[in-house]
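First up is the structure itself, then whatever we jot down about it.
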Amino acid sequence: MTSSSMESASAKNYAEICGTAAGGNGANFGIIAPDANAQAKLIQRALADAEILPDDIGFIEAHGTATAQGDATEATALGDAIGSRRTAGPLVIGSVKANIGHLDAAAGIAGAIKAVLSLWHQRFPGNRNFTSSSDLIDLSGLNITIPTDTTELINHHSGSHSYGRVSSFGLGGANFHVILGSSQKIEPGYSAESVPHDFIAVPWVVSARSVAALSGQARLLREFLLSEAGADADAVSVGRELLRRSRFEHRAVIIGADRQSFLDGLDAVASGGQAAHVIRGVTTGASEGGKTVLVFPGQGAQWIGMGKELMAWSPVFASAMAECAGAIDPLVQWSLLEVLSDDSSDWLGRVEIVQPVSFAVMVSLARVWQSLGVVADAVMGHSQGEVAAAVVAGALSLADGARIVVARSALIAQGLAGNGAMASVSLPLAAVATRLGAGVEIAAVNGPASIVVAGETTAVAKLLAEHERDEVQARSIAVDYASHTAQVESVRDALLEALGAVDAQPSRIPLYSTVTGQKLATETMDARYWFWNLRKPVQLQRATEAVLDDGFTRLLEVSTHPVLTIAMQDTADAVGSPVRIASTLRRGEDGSRRLILASAALEVTGVGIDWEALLPTAAHGCRIRLNTDPLVPGEY
């Protein structure tokens with residue numbers, strides 16, 4: 001919602017529309033009764049359109065029918081699509097009707113105005129006339145909360161940008177959802193005082209055996225900080241002392257850089273509230289000590305400045321990038337490290353640069369995760385991301401991986417660019433297949449309703465127009481070639497000649513191929529395999545199902561922006577798997593802070609992060625005594 005067309009000098013951009021979804025097939029009985037499953041799918045489509053995750057949502061402005069059937073249906077859908085998928089605190093929801101009454105046809109726009117102003121002021125008004133939810137709704141089970149007092153808005157996932165959502169229903173089960181993003185950057189609620197200038201934040205890990213015990217532990221730690229004994233305690237020493245303790249299933253990670261930020265964070269944990277720099281979660285079942293798959297995406301995660309802060313902050317990342325530069329630079333006419341530090345967008349549209357740079361960044365991020373104690377039990381790669389996966393798994397040397405990605409991307413630029421197009425369609429494979437016209441093929445099956453098509457430019461444009469006419473969600477992908485189609489046949493001989501002999505080895509850990517959709521004997525990844533990797537449709541859904549069948553409990557996308565997480569979550573939901581899915585960096589966000597937040601998100605799901613690798617030298621050499629033993633022995 002903008003006022004850019006107004007002539008007033010005070011015109012402001014109050015919020016941005018980041019994603020939308022609409023549907024009219026939700027009726028289950030009567031003329032206004034929506035279906036929870038249809039609503040949940042619609043919510044997931046809007047999340048995919050906005051390219052954000054459930055933890056990014058600061059609040060929901062709900063339709064709020066105030067009927068037993070309507071409210072239960074809406075709450076169930078919100079819980080299934082967002083609440084149950086959050087690693088942060090409960091999903092905050094409300095409805096403007098609780099404050100001003102029902103305005104009939106104007107209720108929808110009133111809710112939208114409330115949502116926009118909530119983002120602008122970073123506060124969500126309390127639901128003044130709400131007393132208790134319907135007996136049909138289990139808010140705690142859905143991970144939903146309805147505040148009666150004003151709530152400060154934060155983004156648990158990034159701490160820097162806030163998103164809200166507006167839900168609206170119509171006759172016949174019609175649903176509409178819009179995701180709004182804050183038009184202003186929200187600065188973290190703490191400064192860098194008392195911490196070395198090259199370190200953005202210090203993590204404090206607190207855990208207990210129950211919610212009540214976790215709150216009690218936070219209160220005791222806060223009391224210690226306010227006591228005479230804790231007056232001179234520095235953040236790093238406290239952080240190190242907390243890491244010496246056992247880690248129980250209920251966990252919170254407070255990420256701060258000065259005394260006040262830690263006091264505020266402990267307040268939030270003690271009260272069960274929320275704070276931008278606090279990540280909370282519970283380890284359940286197989287998540288504790290489970291098996292992790294590192295997932296490497298293809299093209300699409302790149303952005304100007306990606307990895308730039310991490311280069312200056314992380315010696316591990318910088319060292320790995322230097323190794324990648326040593327392998328890539330002799331093969332190209334540009335410099336890997338110079339491109340990474342380039343603030344212009346000239347290289348983003350050049351596939352022969354984007355793909356090698358993305359490869360190097362993904363390999364280096366995997367090295368960082370390894371340094372933090374995140375062990376890859378298997379790997380999986382999407383399209384060109386499979387080259388990085390093969391290097392990390394030990395199937396290819398870094399030199400061979402660099403050679404493959406440079407040769408392939410150069411041939412795409414020379415022989416395929418300018419002759420094709422690609423698009424994503426939010427429909428099941430069978431439905432997409434029936435809509436394909438001449439010159440368009442299935443290029444990737446990413447999830448149950450996430451399909452990529454590719455082919456001739458005019459044919460893909462025609463297909464997009466048809467989907468728009470039929471109100472089917474589809475969007476163009478920013479490339480001018482058609483990977484994974486018959487067009488790739490034109491570069492077969494040149495690619496095989498350029499690659500020559502590829503010294504593929506049995507991998508140290510399992511590699512699940514998105515060419516075959518199954519676990520692969522990696523010694524077969526010769527030059528012909530890498531041609532088929534570019535030629536055949538990407539079978540991400542099948543590969544995801546294979547790793548889930550084999551008992552892996554976490555999927556960690558290793559990239560500069562999550563592009564596969566939603567599709568993988570949809571696949572996990574379809575097969576009923578409780579797998580945890582996480583990401584690494586995010587577009588436009590500080591790499592060092594984002595990595596700490598991503599580590600915290602893994603920690604609260606059961607991954608034992610080596611936080612020592614992220615801690616600077618303590619201000620004092622002696623071990624600090626926290627004096628925060630539990631009031632009841634064995635409670636924490």
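So you can find residues: chains in the structure tokens are A, B, ... in the order shown, residues in each start at 1, and ligands are numbered from 1 in order.
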request  = Extract, using only C-alpha atoms, all DNA, RNA and protein residues at most 6 Å from stretch 63-78 of chain A, discarding same-chain residues fewer than 3 positions from it, and format them as number ranges by chain.
outcome  = A: 36, 39-40, 81-82, 95, 137, 167-168
request  = Name the residues of stretch 206-263 of chain A that fall into alpha helix (DSSP H) according to DSSP on the backbone, using the chain letters and numbers of this document, as number ranges by chain.
outcome  = A: 211-226, 235-243, 259-263
Dump of C-alpha atoms for the selected residues, as a compact mmCIF listing (two decimals), in the first residue's frame:
```txt
# COMPACT_ATOMS: atom_id res chain seq x y z
CA VAL A 211 8.26 -24.76 29.94
CA ALA A 212 7.89 -23.76 33.59
CA ALA A 213 11.45 -24.80 34.37
CA LEU A 214 12.79 -22.85 31.39
CA SER A 215 10.99 -19.75 32.65
CA GLY A 216 12.42 -20.33 36.11
CA GLN A 217 15.94 -20.73 34.74
CA ALA A 218 15.61 -17.44 32.88
CA ARG A 219 14.38 -15.66 36.02
CA LEU A 220 17.30 -16.99 38.05
CA LEU A 221 19.80 -15.91 35.41
CA ARG A 222 18.21 -12.46 35.23
CA GLU A 223 18.38 -12.13 39.02
CA PHE A 224 22.06 -13.06 38.89
CA LEU A 225 22.78 -10.33 36.31
CA LEU A 226 21.10 -7.78 38.56
CA ALA A 235 28.48 -11.49 27.92
CA VAL A 236 31.07 -13.90 26.53
CA SER A 237 31.97 -15.37 29.94
CA VAL A 238 28.29 -15.94 30.74
CA GLY A 239 27.74 -17.48 27.32
CA ARG A 240 30.63 -19.89 27.83
CA GLU A 241 29.42 -20.89 31.28
CA LEU A 242 25.94 -21.64 29.96
CA LEU A 243 27.46 -23.88 27.26
CA ARG A 259 23.56 -6.06 29.08
CA GLN A 260 20.09 -4.65 28.40
CA SER A 261 19.46 -6.90 25.42
CA PHE A 262 20.16 -9.97 27.55
CA LEU A 263 17.95 -8.70 30.37
```
request  = Determine the nearest neighbour of A:Ser507 from the options A:Leu495, A:Val547, A:Leu520, A:Ile328, counting only C-alpha atoms.
outcome  =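 Looking only at the distances to A:Ser507, the closest residue turns out to be A:Leu520.
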Skip A:Ser592 itself and residues of its chain fewer than 2 positions away, then list as a PDB file with N, CA and C atoms, in the first residue's frame all residues within 10 Å of it, counting only C-alpha atoms.
```pdb
ATOM      1  N   PHE A 199      32.449  -8.659  16.192  1.00  0.00           N
ATOM      2  CA  PHE A 199      31.486  -9.705  16.528  1.00  0.00           C
ATOM      3  C   PHE A 199      30.129  -9.070  16.750  1.00  0.00           C
ATOM      4  N   ILE A 200      29.137  -9.525  16.010  1.00  0.00           N
ATOM      5  CA  ILE A 200      27.859  -8.812  16.008  1.00  0.00           C
ATOM      6  C   ILE A 200      26.987  -9.172  17.204  1.00  0.00           C
ATOM      7  N   ALA A 201      27.129 -10.362  17.772  1.00  0.00           N
ATOM      8  CA  ALA A 201      26.256 -10.766  18.865  1.00  0.00           C
ATOM      9  C   ALA A 201      26.836 -11.982  19.566  1.00  0.00           C
ATOM     10  N   GLY A 307      27.131 -13.020   0.876  1.00  0.00           N
ATOM     11  CA  GLY A 307      28.387 -13.511   1.414  1.00  0.00           C
ATOM     12  C   GLY A 307      29.433 -12.450   1.704  1.00  0.00           C
ATOM     13  N   LYS A 308      29.129 -11.198   1.383  1.00  0.00           N
ATOM     14  CA  LYS A 308      30.134 -10.142   1.540  1.00  0.00           C
ATOM     15  C   LYS A 308      30.491  -9.927   3.014  1.00  0.00           C
ATOM     16  N   GLU A 309      29.483  -9.792   3.886  1.00  0.00           N
ATOM     17  CA  GLU A 309      29.764  -9.603   5.307  1.00  0.00           C
ATOM     18  C   GLU A 309      30.419 -10.844   5.901  1.00  0.00           C
ATOM     19  N   LEU A 310      29.982 -12.013   5.437  1.00  0.00           N
ATOM     20  CA  LEU A 310      30.528 -13.251   5.960  1.00  0.00           C
ATOM     21  C   LEU A 310      32.009 -13.390   5.619  1.00  0.00           C
ATOM     22  N   MET A 311      32.413 -12.892   4.467  1.00  0.00           N
ATOM     23  CA  MET A 311      33.823 -12.917   4.078  1.00  0.00           C
ATOM     24  C   MET A 311      34.669 -12.157   5.090  1.00  0.00           C
ATOM     25  N   ALA A 312      34.172 -11.017   5.548  1.00  0.00           N
ATOM     26  CA  ALA A 312      34.934 -10.190   6.485  1.00  0.00           C
ATOM     27  C   ALA A 312      34.854 -10.717   7.916  1.00  0.00           C
ATOM     28  N   TRP A 313      33.821 -11.470   8.228  1.00  0.00           N
ATOM     29  CA  TRP A 313      33.541 -11.879   9.613  1.00  0.00           C
ATOM     30  C   TRP A 313      34.003 -13.293   9.937  1.00  0.00           C
ATOM     31  N   SER A 314      33.881 -14.214   8.974  1.00  0.00           N
ATOM     32  CA  SER A 314      34.167 -15.625   9.233  1.00  0.00           C
ATOM     33  C   SER A 314      35.461 -16.066   8.558  1.00  0.00           C
ATOM     34  N   LEU A 585      21.368 -18.522   4.928  1.00  0.00           N
ATOM     35  CA  LEU A 585      21.311 -17.065   4.816  1.00  0.00           C
ATOM     36  C   LEU A 585      19.998 -16.636   4.178  1.00  0.00           C
ATOM     37  N   GLU A 589      20.123  -9.670   3.953  1.00  0.00           N
ATOM     38  CA  GLU A 589      20.359  -9.613   5.387  1.00  0.00           C
ATOM     39  C   GLU A 589      21.828  -9.841   5.706  1.00  0.00           C
ATOM     40  N   ASP A 590      22.294  -9.238   6.792  1.00  0.00           N
ATOM     41  CA  ASP A 590      23.676  -9.372   7.224  1.00  0.00           C
ATOM     42  C   ASP A 590      24.025 -10.847   7.416  1.00  0.00           C
ATOM     43  N   ARG A 594      22.722 -13.394  10.407  1.00  0.00           N
ATOM     44  CA  ARG A 594      21.807 -14.414   9.889  1.00  0.00           C
ATOM     45  C   ARG A 594      22.311 -15.821  10.224  1.00  0.00           C
ATOM     46  N   LEU A 595      23.645 -16.005  10.155  1.00  0.00           N
ATOM     47  CA  LEU A 595      24.207 -17.315  10.469  1.00  0.00           C
ATOM     48  C   LEU A 595      24.000 -17.660  11.937  1.00  0.00           C
ATOM     49  N   ILE A 596      24.123 -16.672  12.821  1.00  0.00           N
ATOM     50  CA  ILE A 596      23.892 -16.908  14.242  1.00  0.00           C
ATOM     51  C   ILE A 596      22.427 -17.277  14.486  1.00  0.00           C
ATOM     52  N   LEU A 597      21.514 -16.567  13.830  1.00  0.00           N
ATOM     53  CA  LEU A 597      20.090 -16.882  13.965  1.00  0.00           C
ATOM     54  C   LEU A 597      19.774 -18.268  13.423  1.00  0.00           C
ATOM     55  N   ALA A 598      20.376 -18.626  12.272  1.00  0.00           N
ATOM     56  CA  ALA A 598      20.156 -19.949  11.697  1.00  0.00           C
ATOM     57  C   ALA A 598      20.694 -21.032  12.622  1.00  0.00           C
ATOM     58  N   LEU A 614      31.827 -19.646  17.552  1.00  0.00           N
ATOM     59  CA  LEU A 614      31.263 -18.337  17.252  1.00  0.00           C
ATOM     60  C   LEU A 614      31.555 -17.302  18.336  1.00  0.00           C
TER      61      LEU A 614
END
```
message = When you look at A:Val391 with a cut-off of 9 Å (counting only C-alpha atoms), what residues show up, excluding the ones that are within fewer than 3 positions of it in the same chain? I need them as a PyMOL selection string.
response = chain A and resi 363+386-388+394-398+400-401+507
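Using only C-alpha atoms, the shortest contact distance between A:Glu323 and any of A:Gly588, A:Gln518, A:Ala402, A:Gly256 is found at A:Ala402.
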key: Between atom CA of A:Ala318 and atom CA of A:Ile52, distance in Å (one decimal)   =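 Pair atom CA of A:Ala318 / atom CA of A:Ile52 returns 27.8 Å.
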inquiry  = Quick check, in Å to one decimal: how far apart do atom CA of A:Pro54 and atom CA of A:Gly551 lie?
reply    = 24.1 Å
key: Counting only C-alpha atoms, the option among A:Arg475, A:Arg85, A:Arg251, A:His277 closest to A:Arg593   = A:His277
